[in-house]
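For reference, model_27.txt (compact mmCIF, C-alpha atoms and all ligand atoms):
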```txt
# COMPACT_ATOMS: atom_id res chain seq x y z
CA MET A 19 -119.28 106.53 -88.07
CA GLY A 20 -121.31 105.54 -85.04
CA THR A 21 -123.36 102.40 -84.53
CA TYR A 22 -126.54 102.28 -82.50
CA ASN A 23 -129.29 99.78 -81.69
CA CYS A 24 -133.02 100.12 -82.00
CA GLU A 25 -136.24 98.15 -81.96
CA ALA A 26 -138.12 98.51 -85.24
CA ILE A 27 -140.91 97.37 -87.50
CA LEU A 28 -139.90 97.11 -91.14
CA LEU A 29 -142.49 99.09 -93.11
CA ALA A 30 -141.19 98.40 -96.59
CA VAL A 31 -138.31 96.50 -98.15
CA ARG A 32 -137.26 97.14 -101.75
CA ASP A 33 -134.49 95.85 -103.94
CA TYR A 34 -131.85 98.55 -104.21
CA ASP A 35 -129.25 96.99 -106.49
CA ALA A 36 -128.13 93.48 -107.38
CA THR A 37 -127.05 92.68 -103.84
CA SER A 38 -128.67 95.20 -101.48
CA ARG A 39 -132.09 96.13 -100.16
CA MET A 40 -133.49 99.50 -99.14
CA VAL A 41 -135.51 99.38 -95.95
CA THR A 42 -138.03 101.87 -94.61
CA LEU A 43 -138.35 101.19 -90.91
CA PHE A 44 -140.28 102.58 -87.99
CA SER A 45 -138.22 102.42 -84.82
CA ARG A 46 -139.48 102.88 -81.30
CA GLU A 47 -136.52 105.07 -80.37
CA HIS A 48 -135.98 107.23 -83.47
CA GLY A 49 -139.18 107.06 -85.51
CA LYS A 50 -139.13 106.50 -89.25
CA LEU A 51 -135.78 105.92 -90.93
CA SER A 52 -134.40 104.57 -94.18
CA ALA A 53 -131.49 102.17 -94.15
CA LEU A 54 -129.50 100.22 -96.72
CA ALA A 55 -129.09 96.53 -96.03
CA TYR A 56 -125.90 95.77 -97.94
CA GLY A 57 -125.73 92.21 -99.17
CA ALA A 58 -129.28 91.35 -98.08
CA ARG A 59 -130.16 90.03 -101.55
CA ARG A 60 -127.44 87.40 -101.38
CA PRO A 61 -129.15 84.18 -100.31
CA ARG A 62 -126.55 83.26 -97.72
CA ASN A 63 -126.21 86.74 -96.28
CA GLU A 64 -127.14 86.80 -92.61
CA LEU A 65 -129.51 89.75 -93.14
CA ALA A 66 -131.44 88.06 -95.95
CA GLY A 67 -133.84 86.02 -93.84
CA CYS A 68 -134.47 88.76 -91.31
CA VAL A 69 -134.97 91.81 -93.52
CA GLN A 70 -138.59 91.17 -94.51
CA PRO A 71 -141.56 93.51 -94.72
CA PHE A 72 -143.61 93.79 -91.48
CA ALA A 73 -141.01 92.02 -89.34
CA HIS A 74 -140.52 93.18 -85.76
CA VAL A 75 -136.78 93.28 -85.24
CA GLU A 76 -133.82 94.46 -83.19
CA LEU A 77 -131.36 96.34 -85.36
CA ALA A 78 -127.86 97.66 -85.28
CA LEU A 79 -127.57 100.68 -87.57
CA ALA A 80 -124.48 102.58 -88.61
CA THR A 81 -124.76 106.30 -89.24
CA GLY A 82 -123.89 107.06 -92.83
CA LYS A 83 -123.23 110.26 -94.74
CA ASN A 84 -126.61 110.17 -96.49
CA ILE A 85 -128.32 107.09 -95.19
CA GLU A 86 -128.00 104.58 -92.36
CA ALA A 87 -126.50 101.16 -93.02
CA LEU A 88 -128.24 98.17 -91.51
CA LYS A 89 -125.47 96.13 -89.90
CA GLN A 90 -127.30 93.52 -87.83
CA CYS A 91 -130.84 92.31 -87.61
CA ALA A 92 -132.44 89.92 -85.11
CA THR A 93 -136.06 88.86 -85.49
CA ARG A 94 -138.38 89.30 -82.51
CA ARG A 95 -141.47 88.34 -84.49
CA SER A 96 -141.31 87.63 -88.21
CA PHE A 97 -145.02 88.24 -88.95
CA ARG A 98 -144.59 85.74 -91.76
CA GLU A 99 -148.40 85.26 -91.75
CA LEU A 100 -148.76 88.81 -93.08
CA ARG A 101 -146.61 88.00 -96.12
CA GLU A 102 -148.17 84.65 -96.91
CA ASP A 103 -151.80 85.70 -97.30
CA LEU A 104 -152.84 88.24 -99.93
CA ASP A 105 -155.54 89.92 -97.81
CA ARG A 106 -153.34 90.21 -94.75
CA MET A 107 -150.47 91.49 -96.86
CA ALA A 108 -152.69 94.13 -98.46
CA TYR A 109 -153.95 95.45 -95.13
CA ALA A 110 -150.53 95.31 -93.47
CA THR A 111 -149.16 97.28 -96.44
CA MET A 112 -151.95 99.84 -95.97
CA LEU A 113 -151.10 100.34 -92.28
CA ALA A 114 -147.37 100.53 -93.04
CA GLU A 115 -148.01 103.09 -95.77
CA LEU A 116 -150.24 105.08 -93.43
CA VAL A 117 -147.55 105.22 -90.73
CA ALA A 118 -144.95 106.27 -93.30
CA GLU A 119 -147.26 109.08 -94.49
CA LEU A 120 -148.29 110.30 -91.04
CA TRP A 121 -144.92 110.71 -89.35
CA PRO A 122 -141.79 112.41 -90.69
CA GLU A 123 -138.32 110.91 -90.46
CA ARG A 124 -136.60 110.79 -87.09
CA GLU A 125 -139.58 111.76 -85.02
CA PRO A 126 -139.98 109.19 -82.22
CA GLU A 127 -143.60 108.14 -81.80
CA PRO A 128 -143.59 105.20 -79.36
CA ALA A 129 -147.39 105.16 -79.03
CA ALA A 130 -147.73 104.73 -82.80
CA PHE A 131 -145.04 102.05 -82.72
CA ASP A 132 -146.97 100.07 -80.09
CA LEU A 133 -150.21 100.57 -81.97
CA LEU A 134 -148.74 99.27 -85.22
CA LEU A 135 -147.24 96.28 -83.43
CA SER A 136 -150.58 95.37 -81.81
CA SER A 137 -152.42 95.84 -85.07
CA PHE A 138 -150.07 93.49 -86.96
CA ALA A 139 -150.74 90.85 -84.28
CA LEU A 140 -154.47 91.49 -84.65
CA LEU A 141 -154.30 91.16 -88.46
CA VAL A 142 -152.92 87.67 -87.91
CA SER A 143 -155.45 86.52 -85.33
CA ARG A 144 -158.72 88.25 -86.24
CA ASN A 145 -160.83 89.48 -89.14
CA VAL A 146 -158.32 91.48 -91.21
CA ARG A 147 -160.78 94.10 -92.40
CA VAL A 148 -162.04 94.95 -88.93
CA ALA A 149 -158.52 94.89 -87.45
CA ALA A 150 -157.16 97.14 -90.21
CA LEU A 151 -160.08 99.54 -89.90
CA ALA A 152 -159.63 99.95 -86.14
CA ALA A 153 -155.86 100.34 -86.51
CA ALA A 154 -156.12 102.92 -89.31
CA LEU A 155 -158.67 104.98 -87.37
CA GLN A 156 -156.52 104.90 -84.26
CA LEU A 157 -153.33 105.81 -86.14
CA MET A 158 -155.17 108.77 -87.67
CA SER A 159 -156.40 109.82 -84.21
CA LEU A 160 -152.90 109.61 -82.81
CA ALA A 161 -151.69 111.88 -85.61
CA GLY A 162 -154.41 114.41 -84.75
CA PHE A 163 -157.03 113.38 -87.31
CA ARG A 164 -159.85 111.90 -85.26
CA PRO A 165 -163.13 111.75 -87.15
CA GLU A 166 -165.88 113.66 -85.33
CA TYR A 167 -169.00 111.61 -84.76
CA GLU A 168 -170.67 113.08 -81.67
CA HIS A 169 -171.51 116.55 -82.97
CA CYS A 170 -171.82 118.16 -86.36
CA VAL A 171 -168.25 118.81 -87.51
CA VAL A 172 -169.32 122.01 -89.32
CA CYS A 173 -171.59 123.85 -86.85
CA GLY A 174 -170.92 121.89 -83.66
CA GLY A 175 -174.64 121.33 -83.22
CA GLU A 176 -176.50 118.27 -82.05
CA LEU A 177 -176.63 115.33 -84.48
CA THR A 178 -179.91 113.63 -85.21
CA LEU A 179 -179.20 110.21 -86.69
CA PRO A 180 -179.28 109.21 -89.41
CA ALA A 181 -177.15 112.19 -90.41
CA ARG A 182 -174.49 112.30 -93.15
CA PHE A 183 -170.71 111.98 -93.18
CA ASP A 184 -168.58 114.63 -94.85
CA ALA A 185 -165.04 113.24 -95.14
CA SER A 186 -163.76 116.57 -96.51
CA ALA A 187 -164.97 118.33 -93.33
CA GLY A 188 -163.65 115.58 -91.04
CA GLY A 189 -166.75 113.86 -89.70
CA ALA A 190 -170.50 113.68 -89.32
CA VAL A 191 -172.66 116.62 -90.39
CA CYS A 192 -176.18 117.64 -89.31
CA ALA A 193 -179.09 117.98 -91.74
CA ALA A 194 -178.64 121.75 -92.02
CA CYS A 195 -174.93 121.46 -92.90
CA SER A 196 -175.08 118.41 -95.16
CA GLU A 197 -175.60 117.97 -98.86
CA PRO A 198 -177.70 115.20 -100.37
CA HIS A 199 -174.77 113.58 -102.22
CA LEU A 200 -172.98 112.74 -98.93
CA PRO A 201 -173.18 109.18 -97.59
CA PRO A 202 -175.63 108.55 -94.73
CA PHE A 203 -174.34 108.12 -91.17
CA GLY A 204 -176.69 106.10 -88.97
CA VAL A 205 -176.79 104.76 -85.42
CA GLU A 206 -175.13 101.43 -86.31
CA GLY A 207 -172.35 103.17 -88.23
CA ARG A 208 -171.81 105.67 -85.42
CA ASP A 209 -171.67 102.93 -82.78
CA PHE A 210 -169.25 100.86 -84.85
CA LEU A 211 -166.99 103.85 -85.55
CA ALA A 212 -166.93 104.74 -81.83
CA ARG A 213 -166.15 101.12 -80.91
CA MET A 214 -163.30 100.89 -83.42
CA LEU A 215 -161.77 104.19 -82.28
CA ASP A 216 -161.66 102.99 -78.68
CA LEU A 217 -160.91 99.30 -79.29
CA ASP A 218 -157.97 98.04 -77.23
CA LEU A 219 -155.93 96.50 -80.04
CA ALA A 220 -153.77 94.54 -77.61
CA ASP A 221 -156.83 93.00 -75.95
CA PRO A 222 -159.83 93.63 -78.18
CA GLY A 223 -162.31 91.17 -76.71
CA HIS A 224 -165.26 90.14 -78.82
CA PHE A 225 -166.40 92.35 -81.68
CA SER A 226 -168.80 91.73 -84.49
CA VAL A 227 -170.36 93.79 -87.24
CA THR A 228 -172.65 93.24 -90.18
CA GLY A 229 -171.11 93.21 -93.65
CA ALA A 230 -173.13 96.28 -94.66
CA VAL A 231 -171.98 98.44 -91.74
CA LEU A 232 -168.39 97.29 -92.21
CA MET A 233 -168.47 98.21 -95.90
CA ASP A 234 -170.04 101.61 -95.23
CA THR A 235 -167.45 102.37 -92.54
CA GLU A 236 -164.59 101.24 -94.79
CA ARG A 237 -165.84 103.64 -97.44
CA LEU A 238 -166.02 106.51 -94.94
CA LEU A 239 -162.51 105.70 -93.74
CA GLY A 240 -161.17 105.56 -97.31
CA GLU A 241 -162.56 109.01 -98.07
CA PHE A 242 -161.44 110.35 -94.70
CA LEU A 243 -157.86 109.13 -95.31
CA THR A 244 -157.76 110.60 -98.79
CA TRP A 245 -158.90 114.03 -97.55
CA ARG A 246 -156.70 114.14 -94.45
CA LEU A 247 -153.59 112.93 -96.26
CA ASP A 248 -154.35 115.05 -99.33
CA LYS A 249 -153.86 112.03 -101.57
CA PRO A 250 -155.10 108.48 -101.93
CA LEU A 251 -153.06 105.69 -100.35
CA ARG A 252 -151.64 103.44 -103.07
CA SER A 253 -152.50 100.35 -101.05
CA LEU A 254 -156.20 101.27 -100.89
CA ALA A 255 -156.51 100.93 -104.66
CA PHE A 256 -155.06 97.43 -104.38
CA ILE A 257 -157.45 96.55 -101.55
CA ALA A 258 -160.33 97.76 -103.72
CA THR A 259 -159.32 95.35 -106.49
CA LEU A 260 -159.20 92.49 -103.96
CA ALA A 261 -162.65 93.43 -102.67
CA ARG A 262 -164.14 93.42 -106.17
CA ASP A 263 -163.40 89.71 -106.41
CA LYS A 264 -165.46 88.95 -103.34
CA THR A 265 -168.94 89.37 -101.99
CA GLY A 266 -169.37 91.90 -99.20
CA GLY A 267 -171.60 89.77 -97.00
CA GLY A 268 -170.95 87.80 -93.84
CA ARG A 269 -170.09 88.91 -90.36
CA GLY A 270 -166.66 90.06 -89.25
CA GLN A 271 -165.36 88.51 -86.06
ZN ZN B 1 -174.27 121.35 -88.63
```

What does this structure look like when you write it as structure tokens?
Ligand SMILES: [Zn+2]
Amino acid sequence: MGTYNCEAILLAVRDYDATSRMVTLFSREHGKLSALAYGARRPRNELAGCVQPFAHVELALATGKNIEALKQCATRRSFRELREDLDRMAYATMLAELVAELWPEREPEPAAFDLLLSSFALLVSRNVRVAALAAALQLMSLAGFRPEYEHCVVCGGELTLPARFDASAGGAVCAACSEPHLPPFGVEGRDFLARMLDLDLADPGHFSVTGAVLMDTERLLGEFLTWRLDKPLRSLAFIATLARDKTGGGRGQ
């Protein structure tokens, strides 16, 4: 049984039995993996404090017959802020779920790792909705699902804005290709989408958006994710229940 080290973000941590936790992790070196943290539910176990959802860690893993065993864990950044605030937790869970859906086990994806790490930092320091939106769009792009917004995604023709957005087709559609039930896609929405897709998450600079454009773009993203992934993300339903308790106004910073 070999032991190896890796740098990882813990995507999800679940209770496994009375004493152990099951961890889904995304490592820079080996991609997504599952590992059992034996003893991590015992309060005085050395893994207990470190094995937390969203934490950025250094791990020692032992190769097992069916599943890796998590032997050592050292925190690089706990991201405690993401677990202590309901909004931040909801959006961090959404990004973690998205990464787990987009990449199969043991497929190294260092660019996605760096993106997720930057986006967790951004969720802590900036408007969570805007940060999560930019991160989700960029993760989708990295996985090959970039929404088309410059030309009609159906016929490839020129777009006259306002046009409409067809999430099932993968982007904006011209008047000839669209149906009246589809949501409108205007200049502000297009500009915001373009900005979010190209935002440098590690150094985003100033961004701002009206509540209406943010809500419209979130809705487009939600539909886009559902179509591209072939199923709704569980965390999006939870985010929707959080949003219902609030007003949609204000400006995101
Ligand atoms: Zn068209």

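Closest to Glu47 (chain A) among A:Glu102, A:Glu125, A:Glu119, A:Asp184 is A:Glu125, based on all atoms listed in the file.
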
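Among the candidates A:Leu140, A:Val148, A:Ala261, A:Leu177, the residue lying nearest to ligand ZN 1 (chain B) is A:Leu177 (atoms considered: only C-alpha atoms and all ligand atoms).
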
Given only C-alpha atoms and all ligand atoms as the counted atoms, nearest of A:His169, A:Arg32, A:Arg95, A:Arg62 to ligand ZN 1 (chain B): A:His169

Around ligand ZN 1 (chain B), at most 9 Å away and counting only C-alpha atoms and all ligand atoms, which residues are there? Put them as a PDB file with C-alpha atoms, in the coordinates of the input, please.
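See result-v4.pdb below for the written result:
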```pdb
ATOM      1  CA  HIS A 169    -171.510 116.550 -82.970  1.00  0.00           C
ATOM      2  CA  CYS A 170    -171.820 118.160 -86.360  1.00  0.00           C
ATOM      3  CA  VAL A 171    -168.250 118.810 -87.510  1.00  0.00           C
ATOM      4  CA  VAL A 172    -169.320 122.010 -89.320  1.00  0.00           C
ATOM      5  CA  CYS A 173    -171.590 123.850 -86.850  1.00  0.00           C
ATOM      6  CA  GLY A 174    -170.920 121.890 -83.660  1.00  0.00           C
ATOM      7  CA  GLY A 175    -174.640 121.330 -83.220  1.00  0.00           C
ATOM      8  CA  GLU A 176    -176.500 118.270 -82.050  1.00  0.00           C
ATOM      9  CA  LEU A 177    -176.630 115.330 -84.480  1.00  0.00           C
ATOM     10  CA  ALA A 190    -170.500 113.680 -89.320  1.00  0.00           C
ATOM     11  CA  VAL A 191    -172.660 116.620 -90.390  1.00  0.00           C
ATOM     12  CA  CYS A 192    -176.180 117.640 -89.310  1.00  0.00           C
ATOM     13  CA  ALA A 193    -179.090 117.980 -91.740  1.00  0.00           C
ATOM     14  CA  ALA A 194    -178.640 121.750 -92.020  1.00  0.00           C
ATOM     15  CA  CYS A 195    -174.930 121.460 -92.900  1.00  0.00           C
ATOM     16  CA  SER A 196    -175.080 118.410 -95.160  1.00  0.00           C
TER      17      SER A 196
END
```

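Nearest to Arg101 (chain A) of all the residues A:Gly223, A:Pro128, A:Gly57, A:Pro71 is A:Pro71, based on all atoms listed in the file.
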
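Using only C-alpha atoms, the contacts of region 231-244 of chain A at a cut-off of 7 Å, with sequence neighbours closer than 6 positions omitted, comprise Leu151, Ala185, Ser186, Gly188, Glu206, Gly207, Pro250 and Leu251 of chain A.
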
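Going from CA of Leu179 (chain A) to CA of His224 (chain A) covers 25.7 Å.
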
Among the residues A:Leu215, A:Leu135, A:Ala130, A:Ala255, the one that comes closest to Leu155 (chain A) [using only C-alpha atoms]: A:Leu215

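With all atoms listed in the file as the basis for measurement, A:Cys91 is the residue among A:Leu254, A:Val117, A:Cys91, A:Ala152 that approaches Cys24 (chain A) most closely.
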
Non-local contacts of Phe225 (chain A) (12 Å; only C-alpha atoms; under 2 positions in same chain excluded) as a VMD selection string: chain A and resid 144 to 145 148 to 149 152 209 to 210 213 to 214 217 to 219 221 to 223 227 to 228 232 269 to 271

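Here CA of Asn63 (chain A) stands at a distance of 13.1 Å from CA of Ala36 (chain A).
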
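Take CA of Pro126 (chain A) and CA of Arg46 (chain A): the distance between them is 6.4 Å.
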
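Polymer residues near (-128.9, 108.4, -93.2): counting all atoms listed in the file with a cut-off of 9 Å, they are Leu51, Ser52, Ala53, Leu54, Ala80, Thr81, Gly82, Lys83, Asn84, Ile85, Glu86 and Ala87 of chain A.
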
Within-10 Å shell of (-125.0, 96.5, -105.4) in input frame, all atoms listed in the file, as JSON, numbers by chain: {"A": [33, 34, 35, 36, 37, 38, 39, 56, 57, 58, 59]}

Go ahead and save the picked residues with C-alpha atoms, as an mmCIF file, in the coordinates of the input.
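Result file is again27.cif:
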```
data_model
loop_
_atom_site.group_PDB
_atom_site.id
_atom_site.type_symbol
_atom_site.label_atom_id
_atom_site.label_comp_id
_atom_site.auth_asym_id
_atom_site.auth_seq_id
_atom_site.Cartn_x
_atom_site.Cartn_y
_atom_site.Cartn_z
ATOM 1 C CA ASP A 33 -134.490 95.850 -103.940
ATOM 2 C CA TYR A 34 -131.850 98.550 -104.210
ATOM 3 C CA ASP A 35 -129.250 96.990 -106.490
ATOM 4 C CA ALA A 36 -128.130 93.480 -107.380
ATOM 5 C CA THR A 37 -127.050 92.680 -103.840
ATOM 6 C CA SER A 38 -128.670 95.200 -101.480
ATOM 7 C CA ARG A 39 -132.090 96.130 -100.160
ATOM 8 C CA TYR A 56 -125.900 95.770 -97.940
ATOM 9 C CA GLY A 57 -125.730 92.210 -99.170
ATOM 10 C CA ALA A 58 -129.280 91.350 -98.080
ATOM 11 C CA ARG A 59 -130.160 90.030 -101.550
#
```

Polymer residues at most 9 Å from Ala150 (chain A), all atoms listed in the file, same-chain spacing of 6 or more positions, as a VMD selection string: chain A and resid 109 to 110 112 to 113 137 to 138 140 to 141

Could the residues in this selection be written to a file with C-alpha atoms, as a PDB file, keeping the file's coordinate frame?
```
ATOM      1  CA  TYR A 109    -153.950  95.450 -95.130  1.00  0.00           C
ATOM      2  CA  ALA A 110    -150.530  95.310 -93.470  1.00  0.00           C
ATOM      3  CA  MET A 112    -151.950  99.840 -95.970  1.00  0.00           C
ATOM      4  CA  LEU A 113    -151.100 100.340 -92.280  1.00  0.00           C
ATOM      5  CA  SER A 137    -152.420  95.840 -85.070  1.00  0.00           C
ATOM      6  CA  PHE A 138    -150.070  93.490 -86.960  1.00  0.00           C
ATOM      7  CA  LEU A 140    -154.470  91.490 -84.650  1.00  0.00           C
ATOM      8  CA  LEU A 141    -154.300  91.160 -88.460  1.00  0.00           C
TER       9      LEU A 141
END
```

Please return region 215-232 of chain A, rebuilt to N, CA and C atoms, as a PDB file, in the frame of the given file.
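Writing done, so here's result_10.pdb:
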```
ATOM      1  N   LEU A 215    -162.705 103.150 -82.732  1.00  0.00           N
ATOM      2  CA  LEU A 215    -161.770 104.190 -82.280  1.00  0.00           C
ATOM      3  C   LEU A 215    -161.251 103.907 -80.880  1.00  0.00           C
ATOM      4  N   ASP A 216    -162.053 103.233 -80.067  1.00  0.00           N
ATOM      5  CA  ASP A 216    -161.660 102.990 -78.680  1.00  0.00           C
ATOM      6  C   ASP A 216    -161.262 101.545 -78.413  1.00  0.00           C
ATOM      7  N   LEU A 217    -161.256 100.714 -79.454  1.00  0.00           N
ATOM      8  CA  LEU A 217    -160.910  99.300 -79.290  1.00  0.00           C
ATOM      9  C   LEU A 217    -159.483  99.163 -78.743  1.00  0.00           C
ATOM     10  N   ASP A 218    -159.312  98.333 -77.721  1.00  0.00           N
ATOM     11  CA  ASP A 218    -157.970  98.040 -77.230  1.00  0.00           C
ATOM     12  C   ASP A 218    -157.360  96.984 -78.154  1.00  0.00           C
ATOM     13  N   LEU A 219    -156.449  97.415 -79.011  1.00  0.00           N
ATOM     14  CA  LEU A 219    -155.930  96.500 -80.040  1.00  0.00           C
ATOM     15  C   LEU A 219    -155.115  95.360 -79.433  1.00  0.00           C
ATOM     16  N   ALA A 220    -154.557  95.582 -78.253  1.00  0.00           N
ATOM     17  CA  ALA A 220    -153.770  94.540 -77.610  1.00  0.00           C
ATOM     18  C   ALA A 220    -154.666  93.514 -76.925  1.00  0.00           C
ATOM     19  N   ASP A 221    -155.905  93.894 -76.645  1.00  0.00           N
ATOM     20  CA  ASP A 221    -156.830  93.000 -75.950  1.00  0.00           C
ATOM     21  C   ASP A 221    -158.251  93.363 -76.349  1.00  0.00           C
ATOM     22  N   PRO A 222    -158.605  93.058 -77.605  1.00  0.00           N
ATOM     23  CA  PRO A 222    -159.830  93.630 -78.180  1.00  0.00           C
ATOM     24  C   PRO A 222    -161.132  92.996 -77.687  1.00  0.00           C
ATOM     25  N   GLY A 223    -161.061  91.812 -77.098  1.00  0.00           N
ATOM     26  CA  GLY A 223    -162.310  91.170 -76.710  1.00  0.00           C
ATOM     27  C   GLY A 223    -163.133  90.798 -77.932  1.00  0.00           C
ATOM     28  N   HIS A 224    -164.409  90.547 -77.708  1.00  0.00           N
ATOM     29  CA  HIS A 224    -165.260  90.140 -78.820  1.00  0.00           C
ATOM     30  C   HIS A 224    -165.748  91.371 -79.580  1.00  0.00           C
ATOM     31  N   PHE A 225    -165.706  91.321 -80.914  1.00  0.00           N
ATOM     32  CA  PHE A 225    -166.400  92.350 -81.680  1.00  0.00           C
ATOM     33  C   PHE A 225    -167.038  91.712 -82.890  1.00  0.00           C
ATOM     34  N   SER A 226    -168.167  92.245 -83.286  1.00  0.00           N
ATOM     35  CA  SER A 226    -168.800  91.730 -84.490  1.00  0.00           C
ATOM     36  C   SER A 226    -169.540  92.876 -85.165  1.00  0.00           C
ATOM     37  N   VAL A 227    -169.745  92.720 -86.464  1.00  0.00           N
ATOM     38  CA  VAL A 227    -170.360  93.790 -87.240  1.00  0.00           C
ATOM     39  C   VAL A 227    -171.005  93.170 -88.471  1.00  0.00           C
ATOM     40  N   THR A 228    -172.062  93.763 -88.958  1.00  0.00           N
ATOM     41  CA  THR A 228    -172.650  93.240 -90.180  1.00  0.00           C
ATOM     42  C   THR A 228    -171.795  93.668 -91.376  1.00  0.00           C
ATOM     43  N   GLY A 229    -171.875  92.886 -92.443  1.00  0.00           N
ATOM     44  CA  GLY A 229    -171.110  93.210 -93.650  1.00  0.00           C
ATOM     45  C   GLY A 229    -171.437  94.594 -94.183  1.00  0.00           C
ATOM     46  N   ALA A 230    -172.712  94.986 -94.104  1.00  0.00           N
ATOM     47  CA  ALA A 230    -173.130  96.280 -94.660  1.00  0.00           C
ATOM     48  C   ALA A 230    -172.506  97.434 -93.879  1.00  0.00           C
ATOM     49  N   VAL A 231    -172.544  97.353 -92.552  1.00  0.00           N
ATOM     50  CA  VAL A 231    -171.980  98.440 -91.740  1.00  0.00           C
ATOM     51  C   VAL A 231    -170.466  98.497 -91.913  1.00  0.00           C
ATOM     52  N   LEU A 232    -169.841  97.323 -91.997  1.00  0.00           N
ATOM     53  CA  LEU A 232    -168.390  97.290 -92.210  1.00  0.00           C
ATOM     54  C   LEU A 232    -168.029  97.950 -93.544  1.00  0.00           C
TER      55      LEU A 232
END
```
